[in-house]
Amino acid sequence: MNKINFLKESIKSLKTSGTLFPSSRFLASKLLKGINFDEVKLIVEFGPGNGIITKQIIKRLAPDAKLICFEINESFYNALLNIKDSRLIVSNQSADKISEVLNSHGYKNADYVVSSLPLTNIPKPITNSILTSTYQSLKPKGYFFQYQYSLTYYSTLKDTFKGNVSLGFEPLNIPPAFIYTCQKD
């Protein structure tokens, strides 16, 4: 999906896409820097959009590892299906269904979850369900990486991850983004 089509789709579905601009390579790089790609078996990505971060994950992913993406926007979902890589599984379900989707593919836990979901645009009960399900679906000491354009969910993430949250910032993105790094105990 090119940038013009991304913009058109983002305008149509701003509530679920959360932005008019795709993630920058700087944001993708900073978001993924905490992943040990030599040891990872399963990464989950929420809200991959047009696949900018997805493609960066696939470039670094070991041959025997998997990436499961959750995308509910039909246009973005169909664009992701065009990425031909046997390590990629694309799900057209809500992120709060993470446990069910992992189980259906033979996994109990993910090593990492990378999220581009616009949490502030999602109804709070659904966001809480997504965060709780994510926490439960991570392996012990697993990581959840979330970027946002505000600090609105900082305290919620600290509550969910029992205080194991650090905050980063990427100014070279439109708009600039905060990166939450959350670790399961």
# chains A, B, ... in the order shown; residues from 1 in each chain; ligands from 1
>>> select_by_dssp(residues="segment 6-176 of chain A", states="helix (DSSP H, G or I)", output="ChimeraX atom specification")
/A:6-12,14-17,25-32,52-60,74-81,95-104,119-121,124-137,154-160
>>> residues_around(residues="Lys84 of chain A", least_positions_apart="5", cutoff="12 Å", atoms="only C-alpha atoms", output="PyMOL selection string")
chain A and resi 54-55+58+79+89-90
>>> closest_residue(among="A:Leu131, A:Val165, A:Leu80, A:Ile35", to="Ile98 of chain A", atoms="only C-alpha atoms")
A:Leu131
>>> closest_residue(among="A:Lys66, A:Lys41, A:Lys162, A:Lys30", to="Ile53 of chain A", atoms="only C-alpha atoms")
A:Lys30
>>> residues_around(residues="Leu138 of chain A", least_positions_apart="5", cutoff="10 Å", atoms="only C-alpha atoms", output="number ranges by chain")
A: 42-44, 98-99, 108-113, 133, 143-144, 183-185
>>> write_last_selection(atoms="N, CA, C and O atoms", output="PDB file, in the first residue's frame")
ATOM      1  N   LEU A  42       8.127 -16.126  18.836  1.00  0.00           N
ATOM      2  CA  LEU A  42       6.848 -15.562  18.412  1.00  0.00           C
ATOM      3  C   LEU A  42       6.738 -14.094  18.810  1.00  0.00           C
ATOM      4  O   LEU A  42       6.885 -13.752  19.984  1.00  0.00           O
ATOM      5  N   ILE A  43       6.456 -13.269  17.823  1.00  0.00           N
ATOM      6  CA  ILE A  43       6.144 -11.861  18.034  1.00  0.00           C
ATOM      7  C   ILE A  43       4.710 -11.649  17.570  1.00  0.00           C
ATOM      8  O   ILE A  43       4.287 -12.207  16.556  1.00  0.00           O
ATOM      9  N   VAL A  44       3.977 -10.843  18.311  1.00  0.00           N
ATOM     10  CA  VAL A  44       2.624 -10.445  17.931  1.00  0.00           C
ATOM     11  C   VAL A  44       2.649  -8.950  17.665  1.00  0.00           C
ATOM     12  O   VAL A  44       3.297  -8.195  18.400  1.00  0.00           O
ATOM     13  N   ILE A  98      -6.258 -12.228  21.437  1.00  0.00           N
ATOM     14  CA  ILE A  98      -4.888 -12.735  21.309  1.00  0.00           C
ATOM     15  C   ILE A  98      -4.753 -14.177  21.789  1.00  0.00           C
ATOM     16  O   ILE A  98      -4.151 -15.001  21.103  1.00  0.00           O
ATOM     17  N   SER A  99      -5.322 -14.511  22.942  1.00  0.00           N
ATOM     18  CA  SER A  99      -5.186 -15.880  23.467  1.00  0.00           C
ATOM     19  C   SER A  99      -5.769 -16.910  22.517  1.00  0.00           C
ATOM     20  O   SER A  99      -5.132 -17.933  22.233  1.00  0.00           O
ATOM     21  N   LYS A 108       1.128 -20.894  23.164  1.00  0.00           N
ATOM     22  CA  LYS A 108       0.535 -20.539  24.456  1.00  0.00           C
ATOM     23  C   LYS A 108       0.870 -19.090  24.800  1.00  0.00           C
ATOM     24  O   LYS A 108       0.030 -18.363  25.321  1.00  0.00           O
ATOM     25  N   ASN A 109       2.113 -18.678  24.527  1.00  0.00           N
ATOM     26  CA  ASN A 109       2.578 -17.343  24.891  1.00  0.00           C
ATOM     27  C   ASN A 109       3.400 -16.718  23.777  1.00  0.00           C
ATOM     28  O   ASN A 109       4.034 -17.437  22.997  1.00  0.00           O
ATOM     29  N   ALA A 110       3.420 -15.403  23.768  1.00  0.00           N
ATOM     30  CA  ALA A 110       4.273 -14.645  22.843  1.00  0.00           C
ATOM     31  C   ALA A 110       5.502 -14.161  23.607  1.00  0.00           C
ATOM     32  O   ALA A 110       5.436 -13.899  24.816  1.00  0.00           O
ATOM     33  N   ASP A 111       6.604 -14.043  22.889  1.00  0.00           N
ATOM     34  CA  ASP A 111       7.817 -13.470  23.481  1.00  0.00           C
ATOM     35  C   ASP A 111       7.678 -11.953  23.598  1.00  0.00           C
ATOM     36  O   ASP A 111       8.081 -11.349  24.582  1.00  0.00           O
ATOM     37  N   TYR A 112       7.121 -11.354  22.541  1.00  0.00           N
ATOM     38  CA  TYR A 112       6.970  -9.902  22.464  1.00  0.00           C
ATOM     39  C   TYR A 112       5.645  -9.562  21.797  1.00  0.00           C
ATOM     40  O   TYR A 112       5.199 -10.279  20.899  1.00  0.00           O
ATOM     41  N   VAL A 113       5.061  -8.438  22.226  1.00  0.00           N
ATOM     42  CA  VAL A 113       3.919  -7.856  21.534  1.00  0.00           C
ATOM     43  C   VAL A 113       4.296  -6.416  21.211  1.00  0.00           C
ATOM     44  O   VAL A 113       4.744  -5.665  22.080  1.00  0.00           O
ATOM     45  N   SER A 133      -5.538  -9.106  28.306  1.00  0.00           N
ATOM     46  CA  SER A 133      -5.295 -10.290  27.469  1.00  0.00           C
ATOM     47  C   SER A 133      -3.840 -10.349  27.007  1.00  0.00           C
ATOM     48  O   SER A 133      -3.243 -11.426  26.945  1.00  0.00           O
ATOM     49  N   TYR A 143       7.881  -8.953  26.763  1.00  0.00           N
ATOM     50  CA  TYR A 143       7.745  -7.499  26.631  1.00  0.00           C
ATOM     51  C   TYR A 143       6.565  -7.098  25.744  1.00  0.00           C
ATOM     52  O   TYR A 143       6.268  -7.760  24.749  1.00  0.00           O
ATOM     53  N   PHE A 144       5.974  -5.969  26.122  1.00  0.00           N
ATOM     54  CA  PHE A 144       4.937  -5.306  25.347  1.00  0.00           C
ATOM     55  C   PHE A 144       5.464  -3.916  25.012  1.00  0.00           C
ATOM     56  O   PHE A 144       5.817  -3.139  25.903  1.00  0.00           O
ATOM     57  N   GLN A 183       7.262  -4.764  30.774  1.00  0.00           N
ATOM     58  CA  GLN A 183       7.711  -6.147  30.934  1.00  0.00           C
ATOM     59  C   GLN A 183       6.830  -6.886  31.920  1.00  0.00           C
ATOM     60  O   GLN A 183       6.508  -6.376  32.995  1.00  0.00           O
ATOM     61  N   LYS A 184       6.449  -8.088  31.531  1.00  0.00           N
ATOM     62  CA  LYS A 184       5.680  -8.959  32.429  1.00  0.00           C
ATOM     63  C   LYS A 184       6.619  -9.480  33.498  1.00  0.00           C
ATOM     64  O   LYS A 184       7.781  -9.773  33.230  1.00  0.00           O
ATOM     65  N   ASP A 185       6.107  -9.611  34.721  1.00  0.00           N
ATOM     66  CA  ASP A 185       6.967 -10.133  35.798  1.00  0.00           C
ATOM     67  C   ASP A 185       7.108 -11.629  35.715  1.00  0.00           C
ATOM     68  O   ASP A 185       6.592 -12.305  34.872  1.00  0.00           O
TER      69      ASP A 185
END
>>> atom_distance(atom1="atom CA of Gly163 of chain A", atom2="atom CA of Asp96 of chain A")
21.5 Å
>>> residues_around(residues="segment 85-88 of chain A", least_positions_apart="3", cutoff="7 Å", atoms="only C-alpha atoms", output="list in words")
Ala65, Lys66, Leu67 and Ile68 of chain A
>>> write_last_selection(atoms="C-alpha atoms", output="PDB file, in the first residue's frame")
ATOM      1  CA  ALA A  65      10.217 -17.664  14.231  1.00  0.00           C
ATOM      2  CA  LYS A  66       6.671 -16.404  13.558  1.00  0.00           C
ATOM      3  CA  LEU A  67       4.918 -13.048  13.481  1.00  0.00           C
ATOM      4  CA  ILE A  68       1.165 -12.878  14.070  1.00  0.00           C
TER       5      ILE A  68
END
>>> select_by_dssp(residues="segment 36-107 of chain A", states="strand (DSSP E or B)", output="list in words")
Leu42, Ile43, Val44, Glu45, Phe46, Lys66, Leu67, Ile68, Cys69, Phe70, Leu88, Ile89, Val90 and Ser91 of chain A
>>> write_last_selection(atoms="N, CA and C atoms", output="short mmCIF file (atom, residue, chain, number, x, y, z; two decimals), in the first residue's frame")
data_model
loop_
_atom_site.label_atom_id
_atom_site.label_comp_id
_atom_site.auth_asym_id
_atom_site.auth_seq_id
_atom_site.Cartn_x
_atom_site.Cartn_y
_atom_site.Cartn_z
N LEU A 42 8.13 -16.13 18.84
CA LEU A 42 6.85 -15.56 18.41
C LEU A 42 6.74 -14.09 18.81
N ILE A 43 6.46 -13.27 17.82
CA ILE A 43 6.14 -11.86 18.03
C ILE A 43 4.71 -11.65 17.57
N VAL A 44 3.98 -10.84 18.31
CA VAL A 44 2.62 -10.45 17.93
C VAL A 44 2.65 -8.95 17.66
N GLU A 45 1.97 -8.54 16.60
CA GLU A 45 1.86 -7.12 16.30
C GLU A 45 0.39 -6.72 16.24
N PHE A 46 0.04 -5.68 16.97
CA PHE A 46 -1.31 -5.13 16.97
C PHE A 46 -1.34 -3.88 16.09
N LYS A 66 7.94 -16.81 14.17
CA LYS A 66 6.67 -16.40 13.56
C LYS A 66 6.29 -15.00 14.02
N LEU A 67 5.51 -14.34 13.18
CA LEU A 67 4.92 -13.05 13.48
C LEU A 67 3.42 -13.17 13.21
N ILE A 68 2.61 -12.89 14.24
CA ILE A 68 1.16 -12.88 14.07
C ILE A 68 0.70 -11.43 14.18
N CYS A 69 0.06 -10.94 13.13
CA CYS A 69 -0.45 -9.56 13.10
C CYS A 69 -1.96 -9.54 13.26
N PHE A 70 -2.45 -8.60 14.04
CA PHE A 70 -3.88 -8.38 14.24
C PHE A 70 -4.25 -7.06 13.58
N LEU A 88 4.81 -15.11 8.48
CA LEU A 88 3.77 -14.13 8.79
C LEU A 88 2.38 -14.76 8.79
N ILE A 89 1.64 -14.52 9.87
CA ILE A 89 0.24 -14.92 9.98
C ILE A 89 -0.55 -13.64 10.21
N VAL A 90 -1.56 -13.38 9.39
CA VAL A 90 -2.36 -12.17 9.51
C VAL A 90 -3.76 -12.54 9.98
N SER A 91 -4.19 -11.93 11.08
CA SER A 91 -5.50 -12.19 11.65
C SER A 91 -6.37 -10.95 11.54
#
>>> closest_residue(among="A:Asn36, A:Tyr77, A:Pro48, A:Thr152", to="Arg60 of chain A", atoms="only C-alpha atoms")
A:Asn36
>>> closest_residue(among="A:Pro176, A:Pro63, A:Gly168, A:Pro22", to="Phe145 of chain A", atoms="only C-alpha atoms")
A:Gly168
>>> atom_distance(atom1="atom CA of Leu151 of chain A", atom2="atom CA of Tyr135 of chain A")
19.5 Å
>>> atom_distance(atom1="atom CA of Asn78 of chain A", atom2="atom CA of Pro175 of chain A")
25.7 Å
>>> closest_residue(among="A:Pro118, A:Gly34, A:Pro125, A:Pro171", to="Gly49 of chain A", atoms="only C-alpha atoms")
A:Pro118
>>> closest_residue(among="A:Gln56, A:Gln93, A:Ser137, A:Thr181", to="Tyr154 of chain A", atoms="only C-alpha atoms")
A:Thr181
>>> decode(residues="segment 77-88 of chain A", atoms="all heavy atoms", output="compact mmCIF listing (two decimals), in the first residue's frame")
# COMPACT_ATOMS: atom_id res chain seq x y z
N TYR A 77 -5.74 -4.98 6.25
CA TYR A 77 -5.67 -6.44 6.35
C TYR A 77 -5.34 -7.04 4.97
O TYR A 77 -4.43 -7.87 4.86
CB TYR A 77 -7.00 -6.98 6.88
CG TYR A 77 -7.13 -8.49 6.82
CD1 TYR A 77 -6.48 -9.31 7.72
CD2 TYR A 77 -7.93 -9.09 5.84
CE1 TYR A 77 -6.61 -10.69 7.66
CE2 TYR A 77 -8.06 -10.47 5.78
CZ TYR A 77 -7.40 -11.26 6.68
OH TYR A 77 -7.51 -12.62 6.62
N ASN A 78 -6.06 -6.62 3.95
CA ASN A 78 -5.81 -7.14 2.60
C ASN A 78 -4.43 -6.78 2.09
O ASN A 78 -3.78 -7.59 1.41
CB ASN A 78 -6.89 -6.66 1.63
CG ASN A 78 -8.22 -7.34 1.91
OD1 ASN A 78 -8.27 -8.49 2.30
ND2 ASN A 78 -9.31 -6.61 1.72
N ALA A 79 -3.94 -5.59 2.43
CA ALA A 79 -2.58 -5.20 2.02
C ALA A 79 -1.54 -6.09 2.70
O ALA A 79 -0.56 -6.50 2.09
CB ALA A 79 -2.33 -3.73 2.36
N LEU A 80 -1.78 -6.43 3.97
CA LEU A 80 -0.85 -7.31 4.70
C LEU A 80 -0.82 -8.72 4.11
O LEU A 80 0.22 -9.38 4.13
CB LEU A 80 -1.22 -7.37 6.18
CG LEU A 80 -1.01 -6.08 6.96
CD1 LEU A 80 -1.73 -6.15 8.31
CD2 LEU A 80 0.47 -5.79 7.16
N LEU A 81 -1.95 -9.17 3.59
CA LEU A 81 -2.00 -10.50 2.96
C LEU A 81 -1.10 -10.57 1.73
O LEU A 81 -0.71 -11.67 1.31
CB LEU A 81 -3.43 -10.86 2.59
CG LEU A 81 -4.39 -11.11 3.75
CD1 LEU A 81 -5.80 -11.37 3.22
CD2 LEU A 81 -3.92 -12.26 4.63
N ASN A 82 -0.75 -9.43 1.16
CA ASN A 82 0.14 -9.39 -0.01
C ASN A 82 1.61 -9.56 0.36
O ASN A 82 2.45 -9.70 -0.53
CB ASN A 82 -0.06 -8.09 -0.79
CG ASN A 82 -1.40 -8.07 -1.50
OD1 ASN A 82 -1.87 -9.09 -1.98
ND2 ASN A 82 -2.01 -6.91 -1.53
N ILE A 83 1.93 -9.52 1.65
CA ILE A 83 3.31 -9.77 2.09
C ILE A 83 3.50 -11.27 2.10
O ILE A 83 2.90 -11.99 2.89
CB ILE A 83 3.58 -9.18 3.49
CG1 ILE A 83 3.36 -7.66 3.50
CG2 ILE A 83 5.00 -9.52 3.94
CD1 ILE A 83 3.44 -7.03 4.88
N LYS A 84 4.29 -11.74 1.19
CA LYS A 84 4.48 -13.19 1.03
C LYS A 84 5.68 -13.65 1.85
O LYS A 84 6.83 -13.48 1.46
CB LYS A 84 4.67 -13.55 -0.45
CG LYS A 84 3.51 -13.14 -1.34
CD LYS A 84 2.20 -13.76 -0.90
CE LYS A 84 1.07 -13.34 -1.79
NZ LYS A 84 -0.22 -13.46 -1.16
N ASP A 85 5.40 -14.18 3.03
CA ASP A 85 6.44 -14.70 3.91
C ASP A 85 5.80 -15.77 4.79
O ASP A 85 4.80 -15.48 5.46
CB ASP A 85 7.04 -13.58 4.76
CG ASP A 85 8.32 -14.00 5.45
OD1 ASP A 85 8.27 -14.96 6.27
OD2 ASP A 85 9.36 -13.39 5.19
N SER A 86 6.35 -16.96 4.79
CA SER A 86 5.75 -18.07 5.53
C SER A 86 5.78 -17.85 7.04
O SER A 86 5.06 -18.53 7.78
CB SER A 86 6.46 -19.38 5.18
OG SER A 86 7.82 -19.31 5.55
N ARG A 87 6.59 -16.91 7.51
CA ARG A 87 6.66 -16.64 8.94
C ARG A 87 5.56 -15.70 9.41
O ARG A 87 5.38 -15.51 10.61
CB ARG A 87 8.03 -16.04 9.30
CG ARG A 87 9.19 -16.97 8.94
CD ARG A 87 10.50 -16.27 9.03
NE ARG A 87 10.54 -15.20 8.02
CZ ARG A 87 11.51 -14.31 7.91
NH1 ARG A 87 12.53 -14.34 8.76
NH2 ARG A 87 11.48 -13.38 6.97
N LEU A 88 4.81 -15.11 8.48
CA LEU A 88 3.77 -14.13 8.79
C LEU A 88 2.38 -14.76 8.79
O LEU A 88 1.99 -15.43 7.84
CB LEU A 88 3.80 -12.99 7.78
CG LEU A 88 2.71 -11.92 7.89
CD1 LEU A 88 2.82 -11.16 9.22
CD2 LEU A 88 2.80 -10.95 6.72
